[in-house]
>>> print(open('data-v2.pdb').read())   # PDB, C-alpha atoms, pLDDT in the B column
ATOM      1  CA  MET A   6     -32.022  -3.414 -67.320  1.00 51.00           C
ATOM      2  CA  GLY A   7     -32.504  -4.125 -63.583  1.00 56.00           C
ATOM      3  CA  SER A   8     -34.669  -6.964 -62.486  1.00 63.00           C
ATOM      4  CA  GLU A   9     -37.231  -6.440 -59.765  1.00 74.00           C
ATOM      5  CA  LYS A  10     -36.922  -8.818 -56.852  1.00 79.00           C
ATOM      6  CA  LYS A  11     -39.975 -10.919 -56.216  1.00 91.00           C
ATOM      7  CA  VAL A  12     -41.666 -10.225 -52.900  1.00 92.00           C
ATOM      8  CA  ASN A  13     -43.325 -12.895 -50.814  1.00 93.00           C
ATOM      9  CA  VAL A  14     -45.725 -11.304 -48.323  1.00 96.00           C
ATOM     10  CA  ILE A  15     -46.805 -13.244 -45.265  1.00 96.00           C
ATOM     11  CA  PRO A  16     -49.819 -11.613 -43.622  1.00 97.00           C
ATOM     12  CA  ARG A  17     -49.982 -10.928 -39.896  1.00 97.00           C
ATOM     13  CA  GLU A  18     -52.449 -13.754 -39.267  1.00 97.00           C
ATOM     14  CA  ASN A  19     -50.000 -16.287 -40.769  1.00 97.00           C
ATOM     15  CA  ALA A  20     -46.877 -15.132 -38.918  1.00 97.00           C
ATOM     16  CA  VAL A  21     -45.358 -17.770 -36.639  1.00 97.00           C
ATOM     17  CA  PHE A  22     -44.053 -15.173 -34.185  1.00 97.00           C
ATOM     18  CA  ARG A  23     -45.394 -12.131 -32.374  1.00 98.00           C
ATOM     19  CA  MET A  24     -44.257  -9.302 -30.118  1.00 98.00           C
ATOM     20  CA  ASP A  25     -45.917  -8.727 -26.746  1.00 97.00           C
ATOM     21  CA  LYS A  26     -46.692  -5.399 -25.027  1.00 96.00           C
ATOM     22  CA  ASN A  27     -43.210  -5.365 -23.468  1.00 96.00           C
ATOM     23  CA  GLY A  28     -41.335  -5.843 -26.744  1.00 96.00           C
ATOM     24  CA  ILE A  29     -40.630  -9.531 -26.111  1.00 97.00           C
ATOM     25  CA  TRP A  30     -40.684 -11.873 -29.105  1.00 98.00           C
ATOM     26  CA  HIS A  31     -42.657 -15.145 -28.854  1.00 98.00           C
ATOM     27  CA  ASN A  32     -43.457 -18.109 -31.034  1.00 96.00           C
ATOM     28  CA  GLU A  33     -45.585 -21.213 -30.453  1.00 94.00           C
ATOM     29  CA  HIS A  34     -42.922 -22.572 -28.078  1.00 95.00           C
ATOM     30  CA  GLY A  35     -42.816 -19.447 -25.915  1.00 96.00           C
ATOM     31  CA  ARG A  36     -40.516 -16.509 -25.401  1.00 97.00           C
ATOM     32  CA  PHE A  37     -37.440 -16.103 -27.599  1.00 97.00           C
ATOM     33  CA  GLU A  38     -34.318 -16.628 -25.498  1.00 96.00           C
ATOM     34  CA  HIS A  39     -31.345 -16.395 -27.867  1.00 96.00           C
ATOM     35  CA  PRO A  40     -29.913 -12.822 -27.763  1.00 96.00           C
ATOM     36  CA  LYS A  41     -28.598 -12.912 -31.346  1.00 96.00           C
ATOM     37  CA  ILE A  42     -31.990 -13.957 -32.739  1.00 95.00           C
ATOM     38  CA  ILE A  43     -33.761 -11.292 -30.683  1.00 97.00           C
ATOM     39  CA  SER A  44     -31.288  -8.667 -31.873  1.00 96.00           C
ATOM     40  CA  TYR A  45     -31.676  -9.787 -35.501  1.00 96.00           C
ATOM     41  CA  PHE A  46     -35.473  -9.603 -35.294  1.00 97.00           C
ATOM     42  CA  ASN A  47     -35.384  -6.156 -33.662  1.00 97.00           C
ATOM     43  CA  ARG A  48     -32.928  -4.749 -36.220  1.00 96.00           C
ATOM     44  CA  SER A  49     -35.117  -6.128 -39.018  1.00 95.00           C
ATOM     45  CA  ILE A  50     -38.293  -4.267 -37.983  1.00 97.00           C
ATOM     46  CA  GLN A  51     -39.653  -2.040 -40.732  1.00 96.00           C
ATOM     47  CA  LYS A  52     -42.950  -0.269 -41.275  1.00 96.00           C
ATOM     48  CA  ASP A  53     -45.072   0.543 -44.288  1.00 95.00           C
ATOM     49  CA  ASP A  54     -48.710   1.470 -44.819  1.00 94.00           C
ATOM     50  CA  GLN A  55     -49.730  -2.134 -44.006  1.00 95.00           C
ATOM     51  CA  GLY A  56     -47.999  -2.123 -40.611  1.00 96.00           C
ATOM     52  CA  TYR A  57     -44.845  -3.496 -39.028  1.00 98.00           C
ATOM     53  CA  PHE A  58     -42.976  -6.345 -40.672  1.00 98.00           C
ATOM     54  CA  LEU A  59     -39.660  -8.167 -40.720  1.00 97.00           C
ATOM     55  CA  SER A  60     -37.888  -8.444 -44.035  1.00 93.00           C
ATOM     56  CA  GLN A  61     -35.107 -10.593 -45.386  1.00 89.00           C
ATOM     57  CA  THR A  62     -33.875 -11.700 -48.783  1.00 89.00           C
ATOM     58  CA  LEU A  63     -33.753 -15.438 -49.422  1.00 85.00           C
ATOM     59  CA  ASP A  64     -32.592 -16.883 -52.737  1.00 87.00           C
ATOM     60  CA  GLY A  65     -33.145 -13.557 -54.500  1.00 87.00           C
ATOM     61  CA  MET A  66     -36.675 -13.177 -53.127  1.00 92.00           C
ATOM     62  CA  VAL A  67     -37.660 -10.581 -50.537  1.00 92.00           C
ATOM     63  CA  GLU A  68     -39.791 -12.010 -47.764  1.00 94.00           C
ATOM     64  CA  LYS A  69     -41.946  -9.599 -45.761  1.00 96.00           C
ATOM     65  CA  VAL A  70     -43.555 -11.048 -42.657  1.00 97.00           C
ATOM     66  CA  TYR A  71     -46.131  -8.812 -41.017  1.00 98.00           C
ATOM     67  CA  PHE A  72     -46.325  -9.744 -37.362  1.00 98.00           C
ATOM     68  CA  PRO A  73     -48.809  -9.215 -34.558  1.00 98.00           C
ATOM     69  CA  TYR A  74     -47.768  -6.850 -31.788  1.00 97.00           C
ATOM     70  CA  GLU A  75     -49.475  -5.247 -28.827  1.00 94.00           C
ATOM     71  CA  ASP A  76     -49.475  -1.459 -28.627  1.00 92.00           C
ATOM     72  CA  THR A  77     -46.263  -0.776 -30.566  1.00 96.00           C
ATOM     73  CA  ALA A  78     -43.337  -2.631 -32.124  1.00 98.00           C
ATOM     74  CA  VAL A  79     -40.747   0.035 -31.372  1.00 98.00           C
ATOM     75  CA  PHE A  80     -39.274   0.400 -27.880  1.00 98.00           C
ATOM     76  CA  VAL A  81     -36.708   2.528 -26.114  1.00 98.00           C
ATOM     77  CA  VAL A  82     -34.348  -0.123 -24.733  1.00 97.00           C
ATOM     78  CA  ASP A  83     -31.623   2.171 -23.378  1.00 97.00           C
ATOM     79  CA  ILE A  84     -30.725   5.812 -22.983  1.00 97.00           C
ATOM     80  CA  ARG A  85     -27.418   7.644 -23.301  1.00 95.00           C
ATOM     81  CA  VAL A  86     -26.908  10.876 -21.413  1.00 91.00           C
ATOM     82  CA  GLU A  87     -24.288  13.357 -22.531  1.00 84.00           C
ATOM     83  CA  LYS A  88     -25.357  16.964 -23.153  1.00 82.00           C
ATOM     84  CA  ASN A  89     -28.802  15.672 -24.007  1.00 86.00           C
ATOM     85  CA  ILE A  90     -30.604  12.364 -23.712  1.00 93.00           C
ATOM     86  CA  ASP A  91     -30.405  10.012 -26.676  1.00 96.00           C
ATOM     87  CA  LEU A  92     -32.888   7.170 -26.970  1.00 97.00           C
ATOM     88  CA  ILE A  93     -31.610   3.787 -28.138  1.00 97.00           C
ATOM     89  CA  LEU A  94     -34.390   1.873 -29.862  1.00 98.00           C
ATOM     90  CA  ASN A  95     -34.824  -1.874 -30.219  1.00 97.00           C
ATOM     91  CA  THR A  96     -34.313  -1.371 -33.962  1.00 97.00           C
ATOM     92  CA  GLY A  97     -30.751  -0.192 -33.300  1.00 96.00           C
ATOM     93  CA  THR A  98     -31.605   3.417 -34.140  1.00 95.00           C
ATOM     94  CA  LYS A  99     -30.476   6.262 -31.895  1.00 96.00           C
ATOM     95  CA  CYS A 100     -32.549   9.443 -31.697  1.00 95.00           C
ATOM     96  CA  PRO A 101     -32.511  12.501 -29.467  1.00 95.00           C
ATOM     97  CA  LEU A 102     -35.202  12.790 -26.809  1.00 96.00           C
ATOM     98  CA  ALA A 103     -37.649  15.580 -27.608  1.00 94.00           C
ATOM     99  CA  PRO A 104     -39.297  16.272 -24.214  1.00 94.00           C
ATOM    100  CA  ASP A 105     -42.478  17.629 -25.800  1.00 95.00           C
ATOM    101  CA  THR A 106     -43.152  14.209 -27.396  1.00 96.00           C
ATOM    102  CA  LEU A 107     -43.341  12.360 -24.056  1.00 97.00           C
ATOM    103  CA  PHE A 108     -46.626  11.209 -22.571  1.00 97.00           C
ATOM    104  CA  ILE A 109     -47.946   8.670 -20.091  1.00 96.00           C
ATOM    105  CA  LYS A 110     -50.675   6.162 -20.893  1.00 96.00           C
ATOM    106  CA  ASP A 111     -51.763   3.272 -18.677  1.00 93.00           C
ATOM    107  CA  ASP A 112     -48.738   3.787 -16.382  1.00 92.00           C
ATOM    108  CA  ASN A 113     -46.304   3.493 -19.297  1.00 95.00           C
ATOM    109  CA  LEU A 114     -43.985   6.149 -20.709  1.00 97.00           C
ATOM    110  CA  TYR A 115     -44.152   6.812 -24.454  1.00 98.00           C
ATOM    111  CA  CYS A 116     -42.866   9.267 -27.006  1.00 97.00           C
ATOM    112  CA  ARG A 117     -43.624   9.957 -30.623  1.00 96.00           C
ATOM    113  CA  ILE A 118     -40.911  10.075 -33.223  1.00 94.00           C
ATOM    114  CA  PRO A 119     -41.495  10.387 -36.958  1.00 90.00           C
ATOM    115  CA  ASP A 120     -43.489   7.347 -38.119  1.00 89.00           C
ATOM    116  CA  HIS A 121     -43.497   5.555 -34.749  1.00 94.00           C
ATOM    117  CA  LEU A 122     -45.129   5.420 -31.369  1.00 96.00           C
ATOM    118  CA  VAL A 123     -42.321   4.369 -29.019  1.00 98.00           C
ATOM    119  CA  LYS A 124     -42.716   2.804 -25.584  1.00 98.00           C
ATOM    120  CA  PHE A 125     -40.006   2.793 -22.921  1.00 98.00           C
ATOM    121  CA  ASN A 126     -39.155  -0.704 -21.701  1.00 97.00           C
ATOM    122  CA  GLN A 127     -38.409  -1.327 -18.023  1.00 95.00           C
ATOM    123  CA  HIS A 128     -34.631  -0.993 -18.427  1.00 96.00           C
ATOM    124  CA  ALA A 129     -34.867   2.365 -20.195  1.00 97.00           C
ATOM    125  CA  LEU A 130     -37.497   3.602 -17.748  1.00 96.00           C
ATOM    126  CA  ALA A 131     -35.239   2.715 -14.807  1.00 95.00           C
ATOM    127  CA  LYS A 132     -32.399   4.709 -16.395  1.00 96.00           C
ATOM    128  CA  MET A 133     -34.764   7.640 -17.024  1.00 95.00           C
ATOM    129  CA  ALA A 134     -35.856   7.645 -13.361  1.00 94.00           C
ATOM    130  CA  VAL A 135     -33.017   9.967 -12.307  1.00 94.00           C
ATOM    131  CA  HIS A 136     -34.502  12.579 -14.667  1.00 94.00           C
ATOM    132  CA  LEU A 137     -38.078  12.140 -13.451  1.00 95.00           C
ATOM    133  CA  ASP A 138     -39.761  13.664 -10.419  1.00 94.00           C
ATOM    134  CA  GLU A 139     -43.259  13.093  -9.058  1.00 93.00           C
ATOM    135  CA  THR A 140     -44.931  16.422  -8.240  1.00 91.00           C
ATOM    136  CA  GLU A 141     -48.409  17.635  -7.404  1.00 92.00           C
ATOM    137  CA  HIS A 142     -48.776  18.411 -11.133  1.00 88.00           C
ATOM    138  CA  GLY A 143     -47.788  14.884 -12.172  1.00 91.00           C
ATOM    139  CA  LEU A 144     -44.602  13.319 -13.429  1.00 94.00           C
ATOM    140  CA  VAL A 145     -41.981  15.878 -14.454  1.00 95.00           C
ATOM    141  CA  LEU A 146     -38.953  15.465 -16.717  1.00 95.00           C
ATOM    142  CA  CYS A 147     -36.013  17.393 -15.246  1.00 91.00           C
ATOM    143  CA  LEU A 148     -33.131  18.259 -17.549  1.00 87.00           C
ATOM    144  CA  GLY A 149     -30.592  20.627 -16.045  1.00 82.00           C
ATOM    145  CA  GLU A 150     -32.346  23.878 -15.234  1.00 84.00           C
ATOM    146  CA  SER A 151     -35.495  23.040 -17.177  1.00 87.00           C
ATOM    147  CA  SER A 152     -38.422  20.832 -16.268  1.00 90.00           C
ATOM    148  CA  ARG A 153     -41.509  19.741 -18.112  1.00 93.00           C
ATOM    149  CA  VAL A 154     -44.678  18.031 -16.926  1.00 95.00           C
ATOM    150  CA  ILE A 155     -45.287  14.834 -18.854  1.00 97.00           C
ATOM    151  CA  PRO A 156     -48.978  14.751 -19.837  1.00 96.00           C
ATOM    152  CA  GLU A 157     -51.220  11.741 -19.285  1.00 94.00           C
ATOM    153  CA  LYS A 158     -53.370  10.527 -22.174  1.00 90.00           C
TER
END
>>> encode(input="data-v2.pdb", output="structure tokens")
Amino acid sequence: MGSEKKVNVIPRENAVFRMDKNGIWHNEHGRFEHPKIISYFNRSIQKDDQGYFLSQTLDGMVEKVYFPYEDTAVFVVDIRVEKNIDLILNTGTKCPLAPDTLFIKDDNLYCRIPDHLVKFNQHALAKMAVHLDETEHGLVLCLGESSRVIPEK
């Protein structure tokens, strides 16, 4: 007979940390600086029907901390180009770029992947720049022989 782990839920309004519109973690003392803590937080991001949360198990109890974020909690932090473009997310996940999921909103580049709205951070956007071209029709993604206008929303 398996025992269910107890779950301690901390609501968004009680979280002691938050994520800003650029994917930067903050607490009451300011911006997180330690790379290992930032990486741990990013890898711990999960989502359910209540929103984004961080989860860890402490003393046999699962703690779920829902945290405030601006816009989205998932970011493209790097890209890898081989035959295609792979997106490296702040969560540590790698996914292929689907050009038809790209769009621009408020001068930011986004894409949609299953379950997430994903925003490109400045580093990833700079690496994508070699595949982007400004035309009279707007910003265009150029991949080999094909190109696609990125719509604005």
>>> resolve_selection(input="data-v2.pdb", expression="the PyMOL selection byres ((chain A and resi 112-118) around 9)", output="PyMOL selection string")
chain A and resi 80-81+100+102-111+119-126+130+155+157
>>> atom_distance(input="data-v2.pdb", atom1="CA of Leu92 (chain A)", atom2="CA of Thr140 (chain A)")
24.1 Å
>>> atom_distance(input="data-v2.pdb", atom1="CA of Ala129 (chain A)", atom2="CA of Gly28 (chain A)")
12.3 Å
>>> resolve_selection(input="data-v2.pdb", expression="the PyMOL selection byres ((chain A and resi 146) around 6)", output="PDB file with C-alpha atoms, keeping the file's coordinate frame")
ATOM      1  CA  HIS A 136     -34.502  12.579 -14.667  1.00 94.00           C
ATOM      2  CA  LEU A 137     -38.078  12.140 -13.451  1.00 95.00           C
ATOM      3  CA  VAL A 145     -41.981  15.878 -14.454  1.00 95.00           C
ATOM      4  CA  CYS A 147     -36.013  17.393 -15.246  1.00 91.00           C
ATOM      5  CA  SER A 152     -38.422  20.832 -16.268  1.00 90.00           C
ATOM      6  CA  ARG A 153     -41.509  19.741 -18.112  1.00 93.00           C
TER       7      ARG A 153
END
>>> resolve_selection(input="data-v2.pdb", expression="the PyMOL selection byres ((chain A and resi 46-61) around 8)", output="PyMOL selection string")
chain A and resi 42-45+62-63+67-72+78+95-97
>>> atom_distance(input="data-v2.pdb", atom1="CA of Glu38 (chain A)", atom2="CA of Arg85 (chain A)")
25.3 Å
>>> closest_residue(input="data-v2.pdb", among="A:Trp30, A:His39, A:Asp91, A:Asn19", to="Lys132 (chain A)", atoms="all atoms listed in the file")
A:Asp91
>>> residues_around(input="data-v2.pdb", residues="region 20-26 of chain A", least_positions_apart="5", cutoff="7 Å", atoms="all atoms listed in the file", output="list in words")
Ile15, His31, Asn32, Val70, Tyr71, Phe72, Pro73, Tyr74, Glu75 and Asp76 of chain A
>>> closest_residue(input="data-v2.pdb", among="A:Val12, A:Ile29, A:Ile90, A:Leu148", to="Gln127 (chain A)", atoms="all atoms listed in the file")
A:Ile29
>>> closest_residue(input="data-v2.pdb", among="A:Pro40, A:Pro156, A:Asp64, A:Ala134", to="Lys10 (chain A)", atoms="only C-alpha atoms")
A:Asp64
>>> axis_aligned_box(input="data-v2.pdb", around="region 88-99 of chain A", padding_each_side="8 Å", output="AutoDock Vina command-line options")
--center_x -30.1 --center_y 7.5 --center_z -28.6 --size_x 25.5 --size_y 34.8 --size_z 27.0
>>> closest_residue(input="data-v2.pdb", among="A:Val14, A:Met66, A:Val79, A:Ile84", to="His128 (chain A)", atoms="all atoms listed in the file")
A:Ile84
>>> closest_residue(input="data-v2.pdb", among="A:Val154, A:Asp83, A:Gly65, A:Leu94", to="His142 (chain A)", atoms="all atoms listed in the file")
A:Val154
